[in-house]
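Participant: Next up, entry-v8.cif (mmCIF, C-alpha atoms).
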data_model
loop_
_atom_site.label_atom_id
_atom_site.label_comp_id
_atom_site.auth_asym_id
_atom_site.auth_seq_id
_atom_site.Cartn_x
_atom_site.Cartn_y
_atom_site.Cartn_z
CA MET A 107 -37.08 0.99 -15.53
CA THR A 108 -34.09 2.65 -17.18
CA PRO A 109 -31.42 0.05 -18.02
CA LEU A 110 -28.07 0.37 -16.27
CA PRO A 111 -25.18 1.85 -18.26
CA PRO A 112 -22.67 -0.74 -19.53
CA GLY A 113 -20.20 -1.87 -16.85
CA VAL A 114 -22.22 -0.45 -13.95
CA ARG A 115 -23.78 -2.90 -11.49
CA ASP A 116 -26.86 -2.32 -9.36
CA VAL A 117 -25.65 -0.91 -6.04
CA GLY A 118 -28.95 -1.47 -4.20
CA GLU A 119 -30.61 1.18 -2.06
CA LEU A 120 -28.41 4.23 -1.70
CA ARG A 121 -28.18 6.60 1.22
CA ILE A 122 -27.70 10.04 -0.32
CA LEU A 123 -26.69 13.09 1.69
CA LEU A 124 -27.59 16.46 0.15
CA VAL A 125 -25.55 19.35 1.55
CA GLU A 126 -27.40 22.44 0.32
CA ASP A 127 -28.55 25.58 2.16
CA ASP A 128 -30.85 26.88 -0.59
CA ALA A 129 -34.36 25.50 -0.02
CA GLY A 130 -35.35 25.89 -3.69
CA ASP A 131 -32.29 24.03 -5.01
CA ALA A 132 -32.77 21.33 -2.37
CA LEU A 133 -36.37 20.81 -3.42
CA LEU A 134 -35.36 20.56 -7.07
CA VAL A 135 -32.78 17.85 -6.28
CA GLU A 136 -35.35 15.95 -4.22
CA GLU A 137 -37.85 16.02 -7.10
CA LEU A 138 -35.21 14.94 -9.63
CA LEU A 139 -34.23 11.99 -7.46
CA PHE A 140 -37.89 11.04 -7.05
CA ASP A 141 -38.20 10.82 -10.85
CA THR A 142 -35.23 8.44 -11.16
CA ASP A 143 -35.20 4.67 -10.76
CA LEU A 144 -32.73 4.92 -7.89
CA ALA A 145 -33.74 3.17 -4.69
CA HIS A 146 -32.56 5.73 -2.19
CA THR A 147 -32.94 7.51 1.11
CA LEU A 148 -32.30 11.26 1.03
CA VAL A 149 -31.03 13.26 4.00
CA GLN A 150 -30.49 17.04 3.75
CA CYS A 151 -27.99 19.15 5.67
CA ARG A 152 -27.86 22.95 5.41
CA SER A 153 -24.30 23.48 6.59
CA MET A 154 -20.97 21.71 6.73
CA ALA A 155 -21.28 21.40 10.50
CA GLU A 156 -24.53 19.44 10.05
CA ALA A 157 -22.93 17.34 7.30
CA ARG A 158 -19.96 16.46 9.49
CA ALA A 159 -22.24 15.34 12.31
CA GLU A 160 -24.37 13.29 9.93
CA LEU A 161 -21.43 11.57 8.22
CA THR A 162 -19.84 10.82 11.58
CA ALA A 163 -23.06 9.29 12.93
CA ARG A 164 -24.15 7.35 9.83
CA PRO A 165 -22.35 6.33 6.62
CA ALA A 166 -23.54 7.59 3.25
CA ASP A 167 -23.09 6.22 -0.25
CA CYS A 168 -23.14 9.55 -2.07
CA VAL A 169 -22.83 13.21 -1.07
CA LEU A 170 -24.40 15.84 -3.31
CA LEU A 171 -22.39 18.90 -2.29
CA ASP A 172 -23.02 22.60 -2.90
CA LEU A 173 -19.81 24.60 -2.95
CA HIS A 174 -21.28 27.63 -1.18
CA LEU A 175 -22.40 26.92 2.36
CA PRO A 176 -22.84 29.28 5.31
CA ASP A 177 -19.77 27.98 7.15
CA VAL A 178 -17.42 26.98 4.31
CA SER A 179 -17.17 27.58 0.58
CA GLY A 180 -15.19 26.65 -2.48
CA LEU A 181 -12.96 23.61 -2.70
CA GLU A 182 -12.62 23.63 1.09
CA THR A 183 -16.05 22.00 1.19
CA ILE A 184 -14.60 18.89 -0.48
CA ASP A 185 -11.70 18.79 1.96
CA ALA A 186 -14.17 19.13 4.83
CA VAL A 187 -16.25 16.18 3.62
CA ARG A 188 -13.21 13.99 3.01
CA GLY A 189 -11.86 15.00 6.40
CA THR A 190 -14.71 13.10 8.06
CA GLY A 191 -13.21 9.85 6.82
CA THR A 192 -16.32 8.99 4.82
CA GLU A 193 -16.10 6.51 1.97
CA ALA A 194 -19.02 8.17 0.17
CA ALA A 195 -18.76 9.33 -3.42
CA VAL A 196 -18.87 13.14 -3.77
CA ILE A 197 -20.76 14.92 -6.55
CA VAL A 198 -20.32 18.69 -6.58
CA LEU A 199 -23.24 20.95 -7.51
CA THR A 200 -22.08 24.10 -9.29
CA GLY A 201 -23.80 27.14 -10.77
CA LEU A 202 -24.00 27.76 -14.50
CA ALA A 203 -21.51 30.63 -14.27
CA GLU A 204 -18.94 28.59 -12.38
CA SER A 205 -18.79 25.36 -14.35
CA HIS A 206 -14.98 25.59 -14.24
CA ALA A 207 -15.28 24.90 -10.51
CA GLY A 208 -16.52 21.41 -11.33
CA VAL A 209 -13.27 20.50 -13.08
CA GLU A 210 -11.31 21.88 -10.14
CA ALA A 211 -13.50 19.81 -7.81
CA LEU A 212 -12.54 16.63 -9.66
CA ALA A 213 -8.88 17.47 -9.15
CA ALA A 214 -9.62 18.02 -5.45
CA GLY A 215 -11.06 14.52 -5.02
CA ALA A 216 -14.73 14.67 -6.08
CA GLN A 217 -16.03 11.83 -8.26
CA ASP A 218 -18.21 14.02 -10.52
CA TYR A 219 -19.91 17.41 -10.84
CA LEU A 220 -23.29 18.62 -12.06
CA VAL A 221 -24.33 22.11 -13.16
CA LYS A 222 -27.50 23.34 -11.48
CA GLY A 223 -30.29 23.99 -13.97
CA LYS A 224 -28.73 21.60 -16.49
CA VAL A 225 -29.70 18.35 -14.79
CA ASP A 226 -32.54 15.98 -15.62
CA PRO A 227 -33.51 12.76 -13.82
CA GLU A 228 -31.64 10.50 -16.26
CA LEU A 229 -28.43 12.52 -15.99
CA LEU A 230 -28.66 12.63 -12.20
CA GLN A 231 -29.29 8.88 -12.01
CA ARG A 232 -26.34 8.13 -14.26
CA ALA A 233 -24.07 10.52 -12.36
CA VAL A 234 -24.91 9.03 -8.97
CA ARG A 235 -24.46 5.45 -10.13
CA TYR A 236 -21.18 6.17 -11.87
CA ALA A 237 -19.85 8.20 -8.93
CA VAL A 238 -20.64 5.44 -6.43
CA GLN A 239 -19.06 2.81 -8.67
CA ARG A 240 -16.03 5.01 -9.28
CA LYS A 241 -15.56 5.56 -5.56
CA GLN A 242 -15.86 1.84 -4.86
CA SER A 243 -13.25 1.17 -7.55
CA GLU A 244 -10.95 3.76 -5.99
CA LEU A 245 -11.34 2.15 -2.56
CA ALA A 246 -10.71 -1.30 -4.02
CA GLY A 247 -7.59 0.02 -5.74
CA VAL A 248 -6.33 1.54 -2.51
CA ALA A 249 -7.00 -1.73 -0.65
CA LEU A 250 -5.17 -3.69 -3.35
CA HIS A 251 -2.21 -1.33 -3.18
CA GLU A 252 -2.12 -1.55 0.62
CA GLY A 253 -2.33 -5.33 0.38
CA ARG A 254 0.66 -5.42 -1.95
CA LEU A 255 2.63 -3.13 0.34
CA ARG A 256 1.68 -5.30 3.31
CA ALA A 257 2.79 -8.43 1.47
CA GLN A 258 6.12 -6.82 0.57
CA GLU A 259 6.61 -5.64 4.14
CA ASN A 260 5.71 -9.09 5.47
CA ALA A 261 8.25 -10.65 3.13
CA ARG A 262 10.99 -8.31 4.35
CA LEU A 263 10.08 -8.84 7.98
CA GLU A 264 9.81 -12.59 7.51
CA ARG A 265 13.34 -12.75 6.16
CA GLY A 266 14.51 -10.91 9.27
CA LEU A 267 12.40 -12.73 11.85
CA LEU A 268 12.34 -16.21 10.32
CA PRO A 269 15.62 -16.80 8.45
CA LEU A 270 16.91 -19.95 6.84
CA PRO A 271 18.77 -22.11 9.39
CA LEU A 272 22.51 -22.65 9.14
CA LEU A 273 22.95 -26.39 9.61
CA ARG A 274 25.95 -28.56 8.80
CA SER A 275 24.81 -32.02 9.86
CA PRO A 276 22.27 -34.13 7.94
CA ARG A 277 21.23 -35.57 11.31
CA VAL A 278 19.42 -32.33 12.14
CA THR A 279 16.39 -30.77 10.46
CA THR A 280 14.25 -27.81 11.43
CA THR A 281 10.63 -26.96 10.65
CA THR A 282 9.00 -23.62 11.47
CA ARG A 283 5.55 -22.08 11.29
CA TYR A 284 4.32 -18.54 11.90
CA PHE A 285 0.85 -16.99 12.10
CA PRO A 286 0.18 -13.31 12.86
CA GLY A 287 -2.25 -12.66 15.69
CA ARG A 288 -4.57 -10.40 13.68
CA GLU A 289 -6.13 -10.73 10.26
CA GLN A 290 -4.12 -8.90 7.59
CA ALA A 291 -1.59 -7.89 10.21
CA LEU A 292 2.09 -7.41 9.72
CA LEU A 293 4.34 -9.87 11.43
CA GLY A 294 4.78 -9.06 15.09
CA GLY A 295 7.75 -9.41 17.40
CA ASP A 296 8.05 -13.21 17.42
CA PHE A 297 11.35 -14.46 16.04
CA LEU A 298 13.37 -17.67 15.78
CA ASP A 299 16.67 -18.89 14.40
CA VAL A 300 18.91 -22.00 14.27
CA VAL A 301 22.64 -22.25 13.59
CA GLN A 302 25.19 -25.05 13.90
CA THR A 303 28.68 -23.94 14.81
CA GLU A 304 31.94 -25.54 13.69
CA ASP A 305 32.18 -27.56 16.90
CA GLY A 306 29.00 -29.40 15.87
CA LEU A 307 26.76 -27.81 18.50
CA VAL A 308 23.26 -26.84 17.36
CA HIS A 309 22.01 -23.52 18.74
CA ALA A 310 18.41 -22.31 18.57
CA VAL A 311 16.48 -19.29 19.81
CA VAL A 312 12.76 -18.58 19.93
CA GLY A 313 11.76 -15.15 21.18
CA ASP A 314 8.74 -12.91 21.59
CA VAL A 315 8.88 -9.12 21.88
CA SER A 316 5.88 -7.81 23.80
CA GLY A 317 3.33 -5.93 21.74
CA HIS A 318 2.52 -5.86 18.04
CA GLY A 319 3.27 -3.70 15.06
CA PRO A 320 6.39 -2.28 13.44
CA ASP A 321 8.21 -1.38 16.68
CA ALA A 322 7.96 -4.94 18.03
CA ALA A 323 8.86 -6.41 14.64
CA ALA A 324 11.89 -4.14 14.25
CA LEU A 325 13.16 -5.05 17.71
CA GLY A 326 12.57 -8.74 17.01
CA VAL A 327 14.61 -8.54 13.80
CA CYS A 328 17.40 -6.69 15.62
CA LEU A 329 17.57 -9.29 18.42
CA ARG A 330 17.43 -12.22 16.01
CA ILE A 331 20.30 -10.89 13.91
CA ALA A 332 22.28 -10.05 17.03
CA TRP A 333 21.72 -13.55 18.41
CA ARG A 334 23.03 -15.16 15.23
CA ALA A 335 26.09 -12.92 15.02
CA LEU A 336 26.94 -13.31 18.70
CA THR A 337 26.42 -17.08 18.64
CA LEU A 338 28.63 -17.52 15.59
CA GLY A 339 31.14 -15.29 17.37
CA GLY A 340 31.38 -17.73 20.28
CA HIS A 341 29.06 -16.18 22.90
CA ARG A 342 26.99 -18.61 24.91
CA GLY A 343 24.41 -18.86 27.67
CA HIS A 344 24.42 -16.21 30.38
CA GLY A 345 26.94 -14.00 28.59
CA LEU A 346 24.91 -14.11 25.39
CA LEU A 347 21.71 -13.16 27.23
CA HIS A 348 23.55 -10.28 28.92
CA LEU A 349 24.51 -8.87 25.51
CA LEU A 350 21.02 -9.43 24.10
CA GLU A 351 19.50 -7.53 27.01
CA GLN A 352 21.88 -4.63 26.41
CA ILE A 353 20.81 -4.57 22.76
CA HIS A 354 17.15 -4.83 23.78
CA LEU A 355 17.48 -1.83 26.10
CA ALA A 356 19.33 0.23 23.51
CA GLU A 357 16.97 -0.54 20.61
CA ARG A 358 13.52 -0.61 22.21
CA THR A 359 11.31 2.40 21.47
CA HIS A 360 9.27 2.18 24.69
CA ASN A 361 10.48 1.46 28.21
CA ASP A 362 7.68 -1.03 28.79
CA LEU A 363 8.76 -3.33 25.94
CA PHE A 364 10.28 -6.63 27.07
CA THR A 365 11.36 -9.82 25.33
CA THR A 366 10.93 -13.43 26.37
CA CYS A 367 13.10 -16.08 24.77
CA THR A 368 14.41 -19.62 24.97
CA LEU A 369 18.06 -20.35 24.20
CA LEU A 370 18.84 -23.95 23.33
CA THR A 371 22.22 -25.57 22.69
CA ALA A 372 22.15 -29.24 21.66
CA ASP A 373 25.23 -31.44 21.77
CA LEU A 374 24.18 -34.45 19.71
CA VAL A 375 27.46 -36.26 20.31
CA ALA A 376 27.08 -36.10 24.08
CA GLY A 377 23.31 -36.48 23.84
CA THR A 378 22.54 -33.37 25.93
CA ALA A 379 20.86 -30.01 25.57
CA THR A 380 21.47 -26.87 27.63
CA ILE A 381 18.46 -24.58 28.03
CA HIS A 382 18.14 -20.98 29.23
CA LEU A 383 14.61 -19.64 29.73
CA ALA A 384 14.25 -15.85 29.86
CA GLY A 385 10.61 -15.49 30.82
CA HIS A 386 9.69 -18.12 28.24
CA HIS A 387 7.93 -21.48 28.19
CA GLU A 388 9.75 -24.76 28.60
CA PRO A 389 10.33 -26.71 25.38
CA LEU A 390 8.48 -29.95 24.69
CA LEU A 391 10.27 -33.21 23.87
CA LEU A 392 8.72 -35.46 21.24
CA ASP A 393 10.01 -39.03 21.15
CA ARG A 394 8.67 -42.59 21.11
CA ASP A 395 7.49 -42.22 24.71
CA GLY A 396 5.14 -39.40 23.69
CA PRO A 397 5.19 -35.62 24.20
CA GLN A 398 6.49 -34.29 27.50
CA VAL A 399 7.61 -31.02 29.04
CA VAL A 400 11.37 -30.54 29.34
CA LYS A 401 11.74 -29.33 32.92
CA ALA A 402 14.05 -26.31 33.04
CA ALA A 403 14.76 -23.46 35.45
CA HIS A 404 13.05 -20.17 34.67
CA GLY A 405 14.74 -16.77 34.39
CA LEU A 406 13.60 -13.20 33.82
CA ALA A 407 12.51 -11.77 30.50
CA LEU A 408 14.92 -9.32 28.88
CA GLY A 409 14.18 -5.75 29.87
CA ILE A 410 11.95 -6.54 32.86
CA LEU A 411 14.52 -5.80 35.58
CA PRO A 412 17.66 -4.65 33.77
CA GLY A 413 20.82 -5.66 35.58
CA THR A 414 19.27 -8.54 37.53
CA GLU A 415 20.53 -11.10 35.00
CA HIS A 416 18.80 -14.12 36.49
CA TRP A 417 19.13 -16.74 33.74
CA PRO A 418 19.97 -20.16 35.21
CA ALA A 419 21.07 -22.96 32.88
CA THR A 420 19.49 -26.40 32.74
CA THR A 421 21.18 -29.38 31.06
CA VAL A 422 19.00 -32.33 30.07
CA THR A 423 19.66 -35.70 28.43
CA LEU A 424 18.38 -36.22 24.89
CA PRO A 425 17.24 -39.53 23.40
CA PRO A 426 19.16 -40.87 20.36
CA ALA A 427 16.33 -39.63 18.12
CA GLY A 428 13.51 -37.20 18.73
CA ALA A 429 12.40 -33.61 18.39
CA LEU A 430 12.21 -30.51 20.53
CA LEU A 431 9.27 -28.16 20.11
CA VAL A 432 9.85 -24.52 21.09
CA TYR A 433 7.01 -22.04 20.68
CA THR A 434 5.71 -18.60 21.63
CA ASP A 435 2.76 -18.21 23.97
CA GLY A 436 0.27 -17.51 21.19
CA LEU A 437 0.09 -21.28 20.71
CA ILE A 438 -1.30 -22.00 24.19
CA GLU A 439 -3.08 -18.82 25.31
CA GLY A 440 -6.21 -19.43 23.26
CA TYR A 441 -9.37 -21.09 24.51
CA ALA A 442 -9.84 -24.86 24.53
CA ASP A 443 -13.64 -24.85 24.27
CA GLY A 444 -14.10 -24.78 20.51
CA GLY A 445 -15.93 -21.44 20.52
CA ALA A 446 -18.02 -21.49 23.70
CA ALA A 447 -16.15 -18.59 25.32
CA GLU A 448 -17.73 -15.16 25.24
CA ALA A 449 -15.82 -11.98 24.42
CA ASP A 450 -15.13 -11.41 28.13
CA GLY A 451 -13.46 -14.81 28.53
CA THR A 452 -16.39 -16.58 30.23
CA ASP A 453 -18.55 -19.46 29.09
CA GLU A 454 -22.33 -19.40 28.62
CA ALA A 455 -22.83 -20.00 32.34
CA GLY A 456 -20.60 -17.07 33.26
CA HIS A 457 -17.70 -19.20 34.43
CA ALA A 458 -14.11 -18.57 33.34
CA ALA A 459 -13.54 -20.30 30.01
CA GLU A 460 -10.77 -22.87 29.90
CA ARG A 461 -7.50 -21.80 28.32
CA LEU A 462 -5.59 -24.37 26.31
CA GLY A 463 -2.33 -24.09 28.26
CA THR A 464 0.59 -26.48 28.14
CA GLU A 465 -1.49 -29.44 29.34
CA GLY A 466 -4.00 -28.88 26.55
CA LEU A 467 -1.18 -28.68 24.02
CA LEU A 468 0.24 -31.97 25.29
CA ARG A 469 -3.17 -33.61 24.84
CA ILE A 470 -3.33 -32.42 21.24
CA LEU A 471 0.20 -33.63 20.54
CA ALA A 472 -0.57 -37.03 22.07
CA ARG A 473 -3.30 -37.64 19.50
CA THR A 474 -1.57 -35.94 16.55
CA SER A 475 0.55 -38.40 14.64
CA GLU A 476 2.23 -37.25 11.43
CA SER A 477 5.53 -38.64 10.23
CA ASP A 478 6.30 -35.48 8.29
CA PRO A 479 7.31 -32.61 10.64
CA GLY A 480 5.71 -29.96 8.43
CA SER A 481 2.37 -31.79 8.30
CA HIS A 482 2.62 -32.35 12.04
CA LEU A 483 2.96 -28.63 12.76
CA ASP A 484 0.20 -27.79 10.29
CA ARG A 485 -2.21 -30.16 12.04
CA LEU A 486 -1.16 -28.92 15.45
CA ILE A 487 -1.71 -25.25 14.65
CA SER A 488 -4.92 -25.96 12.76
CA THR A 489 -6.31 -27.81 15.79
CA VAL A 490 -5.29 -25.02 18.16
CA ARG A 491 -6.89 -22.36 15.98
CA THR A 492 -10.07 -24.39 15.56
CA LEU A 493 -10.42 -24.84 19.32
CA ASN A 494 -9.89 -21.13 19.77
CA ALA A 495 -12.47 -20.42 17.04
CA ASP A 496 -9.96 -18.10 15.37
CA ARG A 497 -10.11 -15.69 18.31
CA HIS A 498 -6.33 -15.67 18.71
CA THR A 499 -4.88 -12.20 19.24
CA ASP A 500 -1.21 -13.07 19.73
CA ASP A 501 1.29 -14.20 17.13
CA ILE A 502 2.20 -17.88 16.92
CA ALA A 503 5.77 -18.94 16.15
CA VAL A 504 6.80 -22.59 16.39
CA LEU A 505 10.18 -24.26 15.89
CA ARG A 506 10.51 -28.04 15.65
CA LEU A 507 14.09 -29.32 15.87
CA ASP A 508 14.46 -32.98 14.82
CA TRP A 509 17.54 -35.17 15.08
CA GLN A 510 18.35 -38.76 14.12
CA PRO A 511 20.90 -41.26 15.49
CA PRO A 512 24.38 -41.10 13.94
CA GLY A 513 24.99 -43.27 10.90
CA PRO A 514 27.42 -46.25 10.79
CA THR A 515 30.34 -43.86 10.30
CA GLY A 516 29.27 -41.62 13.20
#
Hey, can you dump this file as structure tokens for me?
Facilitator:
Amino acid sequence: MTPLPPGVRDVGELRILLVEDDAGDALLVEELLFDTDLAHTLVQCRSMAEARAELTARPADCVLLDLHLPDVSGLETIDAVRGTGTEAAVIVLTGLAESHAGVEALAAGAQDYLVKGKVDPELLQRAVRYAVQRKQSELAGVALHEGRLRAQENARLERGLLPLPLLRSPRVTTTTRYFPGREQALLGGDFLDVVQTEDGLVHAVVGDVSGHGPDAAALGVCLRIAWRALTLGGHRGHGLLHLLEQIHLAERTHNDLFTTCTLLTADLVAGTATIHLAGHHEPLLLDRDGPQVVKAAHGLALGILPGTEHWPATTVTLPPAGALLVYTDGLIEGYADGGAAEADGTDEAGHAAERLGTEGLLRILARTSESDPGSHLDRLISTVRTLNADRHTDDIAVLRLDWQPPGPTG
């Protein structure tokens, strides 16, 4: 067996597509491949139309491409092959009198070229192996570049969606966590923020723009920044939600986009918190009595029925020390069966699989004890994702707001 060239790994059995309308040239290529050490399967197409259908139906590792076909010729053949979306390496087959076309083919995106009548088995074997490796390196480079761009975009979006809190009092600390709903996805429309105003009140928001992708993320950033500016400017409660809905309507790119959110204002001196729910879940209170739902009146999500403005306020008493947990629905919408649910949301017996829900989240919190808030959220989210067997499709954003009793000086 011919040894591999330096730096080239064995790529296993190759599926090679020969696009050649001349029966004699096709037979010659078949015989040359037979005399190589390449483990391969050869499929021949006699036109670009056949090649398109073949590449669409089944992937190939390498395309040996004649530049003169009945339905397309010249460099357009390379564009036609690449237009199928194939990740196959392309080796152009040129005539002796048109060897310059091979160089032009490389500039057009081919990985290599061979001159008909000047090819032996060893040269063909080397060309195919190198072309496949070169194509794989190109794809890896593209993926690396896209990954870097995605990381940079995530960093920019994260700064907009998940900013540093503005807190004045050492009595208050915040801890946040975020997980995108899809592998390698950009951040979605979940956002959160915390500020403490000069009067000592602590204000928090957790919101979720419907949908995924850049439109939802952009709207989430816009609403988060608007919330901070309006809150620092003195707007509160119903009036603040009215302005946020106006911004939502003006900035959304689709009429069906809506935003759910929880507004929270904590007065640690009075020991109370005022809550507005706009289509969002109730917060959870964590104290020495265990986790419990903070009962609050529900209002409409922003953008659902513009102008209705149904956002009732609920004021609750806070313990001297404790924490409030505010989260988006990605945390509770997964399954609670540890992987037994099928893709259609049923279990093995065909019954509806159990969703985690708020009650399931409370059960997890009741048996999750970590003194450090960050470790506590890490364990919580890890448990939720394990139960859901990593089938989550929605983003998860969690805010934990902790406070301690006042010191001896108040």
Participant: Which residues are close to Val400 (chain A), i.e. within 7 Å by all atoms listed in the file, leaving aside same-chain residues fewer than 2 positions away? Reply as a list in words.
Facilitator: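 Once the adjacent positions are removed, what remains is Glu388, Pro389, Leu390, Leu391, Gln398 and Ala402 of chain A.
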Participant: Go ahead and save the picked residues with C-alpha atoms, as a CSV table (one decimal), in the coordinates of the input.
Facilitator:
chain,number,residue,atom,x,y,z
A,388,GLU,CA,9.8,-24.8,28.6
A,389,PRO,CA,10.3,-26.7,25.4
A,390,LEU,CA,8.5,-30.0,24.7
A,391,LEU,CA,10.3,-33.2,23.9
A,398,GLN,CA,6.5,-34.3,27.5
A,402,ALA,CA,14.0,-26.3,33.0
Participant: List as JSON, numbers by chain the protein and nucleic acid residues near region 138-148 of chain A, meaning an atom at most 9 Å away when only C-alpha atoms are counted, but skip any in the same chain fewer than 6 places from it.
Facilitator: {"A": [107, 108, 118, 119, 120, 121, 122, 123, 124, 225, 226, 227, 228, 230, 231, 234, 235]}
Participant: Quick one, how far is CA of Asp373 (chain A) from CA of Thr474 (chain A)?
Facilitator: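 Rounded to one decimal, the two atoms are 27.7 Å apart.
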Participant: For the atom pair CA of Val422 (chain A) and CA of Gly440 (chain A), what is the interatomic distance in Å to one decimal place?
Facilitator: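 Value for the CA of Val422 (chain A)-CA of Gly440 (chain A) distance: 29.1 Å.
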Participant: Record the distance separating CA of Phe364 (chain A) and CA of Leu408 (chain A), expressed in Å with one decimal.
Facilitator: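 Between these atoms lies a distance of 5.7 Å.
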Participant: Using all atoms listed in the file, which of A:Val178, A:Cys168, A:Cys367, A:Ala211 sits nearest Ser153 (chain A)?
Facilitator: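 Smallest distance to Ser153 (chain A) is found for A:Val178.
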Participant: Quick one: everything within 7 Å of Asp508 (chain A), counting all atoms listed in the file, minus sequence neighbours fewer than 4 positions away in the same chain. Send it as a PyMOL selection string.
Facilitator: chain A and resi 278-280+428-430
Participant: As a check of understanding, name the residues that the PyMOL selection byres ((chain A and resi 196) around 10) selects in the supplied structure, as an MDAnalysis selection string.
Facilitator: chainID A and resid 122:123 167:171 184 187:188 192:195 197:199 211:212 215:219 234 237:238 241
Participant: For C-alpha atoms, I'd like the residues from the last selection saved as a short mmCIF file (atom, residue, chain, number, x, y, z; two decimals), keeping the file's coordinate frame.
Facilitator:
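For reference, part-v3.cif as written:
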data_model
loop_
_atom_site.label_atom_id
_atom_site.label_comp_id
_atom_site.auth_asym_id
_atom_site.auth_seq_id
_atom_site.Cartn_x
_atom_site.Cartn_y
_atom_site.Cartn_z
CA ILE A 122 -27.70 10.04 -0.32
CA LEU A 123 -26.69 13.09 1.69
CA ASP A 167 -23.09 6.22 -0.25
CA CYS A 168 -23.14 9.55 -2.07
CA VAL A 169 -22.83 13.21 -1.07
CA LEU A 170 -24.40 15.84 -3.31
CA LEU A 171 -22.39 18.90 -2.29
CA ILE A 184 -14.60 18.89 -0.48
CA VAL A 187 -16.25 16.18 3.62
CA ARG A 188 -13.21 13.99 3.01
CA THR A 192 -16.32 8.99 4.82
CA GLU A 193 -16.10 6.51 1.97
CA ALA A 194 -19.02 8.17 0.17
CA ALA A 195 -18.76 9.33 -3.42
CA ILE A 197 -20.76 14.92 -6.55
CA VAL A 198 -20.32 18.69 -6.58
CA LEU A 199 -23.24 20.95 -7.51
CA ALA A 211 -13.50 19.81 -7.81
CA LEU A 212 -12.54 16.63 -9.66
CA GLY A 215 -11.06 14.52 -5.02
CA ALA A 216 -14.73 14.67 -6.08
CA GLN A 217 -16.03 11.83 -8.26
CA ASP A 218 -18.21 14.02 -10.52
CA TYR A 219 -19.91 17.41 -10.84
CA VAL A 234 -24.91 9.03 -8.97
CA ALA A 237 -19.85 8.20 -8.93
CA VAL A 238 -20.64 5.44 -6.43
CA LYS A 241 -15.56 5.56 -5.56
#
Participant: Set the distance at 8 Å and use all atoms listed in the file: which residues neighbour region 466-470 of chain A once local chain neighbours fewer than 5 positions away are removed? I'd like the list as a PDB file with C-alpha atoms, in the coordinates of the input.
Facilitator:
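Saved file around07.pdb follows:
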ATOM      1  CA  PRO A 397       5.190 -35.620  24.200  1.00  0.00           C
ATOM      2  CA  GLN A 398       6.490 -34.290  27.500  1.00  0.00           C
ATOM      3  CA  ILE A 438      -1.300 -22.000  24.190  1.00  0.00           C
ATOM      4  CA  ALA A 442      -9.840 -24.860  24.530  1.00  0.00           C
ATOM      5  CA  LEU A 486      -1.160 -28.920  15.450  1.00  0.00           C
ATOM      6  CA  THR A 489      -6.310 -27.810  15.790  1.00  0.00           C
TER       7      THR A 489
END
Participant: Could you tell me which residues the PyMOL selection byres ((chain A and resi 359) around 12) returns for this structure, as JSON, numbers by chain?
Facilitator: {"A": [315, 316, 317, 319, 320, 321, 322, 323, 324, 325, 353, 354, 355, 356, 357, 358, 360, 361, 362, 363, 364]}
Participant: If you keep C-alpha atoms, can you produce a file of those selected residues as a PDB file, in the frame of the given file?
Facilitator:
ATOM      1  CA  VAL A 315       8.880  -9.120  21.880  1.00  0.00           C
ATOM      2  CA  SER A 316       5.880  -7.810  23.800  1.00  0.00           C
ATOM      3  CA  GLY A 317       3.330  -5.930  21.740  1.00  0.00           C
ATOM      4  CA  GLY A 319       3.270  -3.700  15.060  1.00  0.00           C
ATOM      5  CA  PRO A 320       6.390  -2.280  13.440  1.00  0.00           C
ATOM      6  CA  ASP A 321       8.210  -1.380  16.680  1.00  0.00           C
ATOM      7  CA  ALA A 322       7.960  -4.940  18.030  1.00  0.00           C
ATOM      8  CA  ALA A 323       8.860  -6.410  14.640  1.00  0.00           C
ATOM      9  CA  ALA A 324      11.890  -4.140  14.250  1.00  0.00           C
ATOM     10  CA  LEU A 325      13.160  -5.050  17.710  1.00  0.00           C
ATOM     11  CA  ILE A 353      20.810  -4.570  22.760  1.00  0.00           C
ATOM     12  CA  HIS A 354      17.150  -4.830  23.780  1.00  0.00           C
ATOM     13  CA  LEU A 355      17.480  -1.830  26.100  1.00  0.00           C
ATOM     14  CA  ALA A 356      19.330   0.230  23.510  1.00  0.00           C
ATOM     15  CA  GLU A 357      16.970  -0.540  20.610  1.00  0.00           C
ATOM     16  CA  ARG A 358      13.520  -0.610  22.210  1.00  0.00           C
ATOM     17  CA  HIS A 360       9.270   2.180  24.690  1.00  0.00           C
ATOM     18  CA  ASN A 361      10.480   1.460  28.210  1.00  0.00           C
ATOM     19  CA  ASP A 362       7.680  -1.030  28.790  1.00  0.00           C
ATOM     20  CA  LEU A 363       8.760  -3.330  25.940  1.00  0.00           C
ATOM     21  CA  PHE A 364      10.280  -6.630  27.070  1.00  0.00           C
TER      22      PHE A 364
END
Participant: Restricting the calculation to all atoms listed in the file: of A:Ala155, A:Ala310, A:Val221, A:Val490, which residue gets closest to Thr371 (chain A)?
Facilitator: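 For Thr371 (chain A), the nearest of the given residues is A:Ala310.
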Participant: Got a sec to resolve the PyMOL selection byres ((chain A and resi 366) around 10) on this structure and send the residues as an MDAnalysis selection string?
Facilitator: chainID A and resid 296 312:316 364:365 367:368 383:387 405:410 434:435
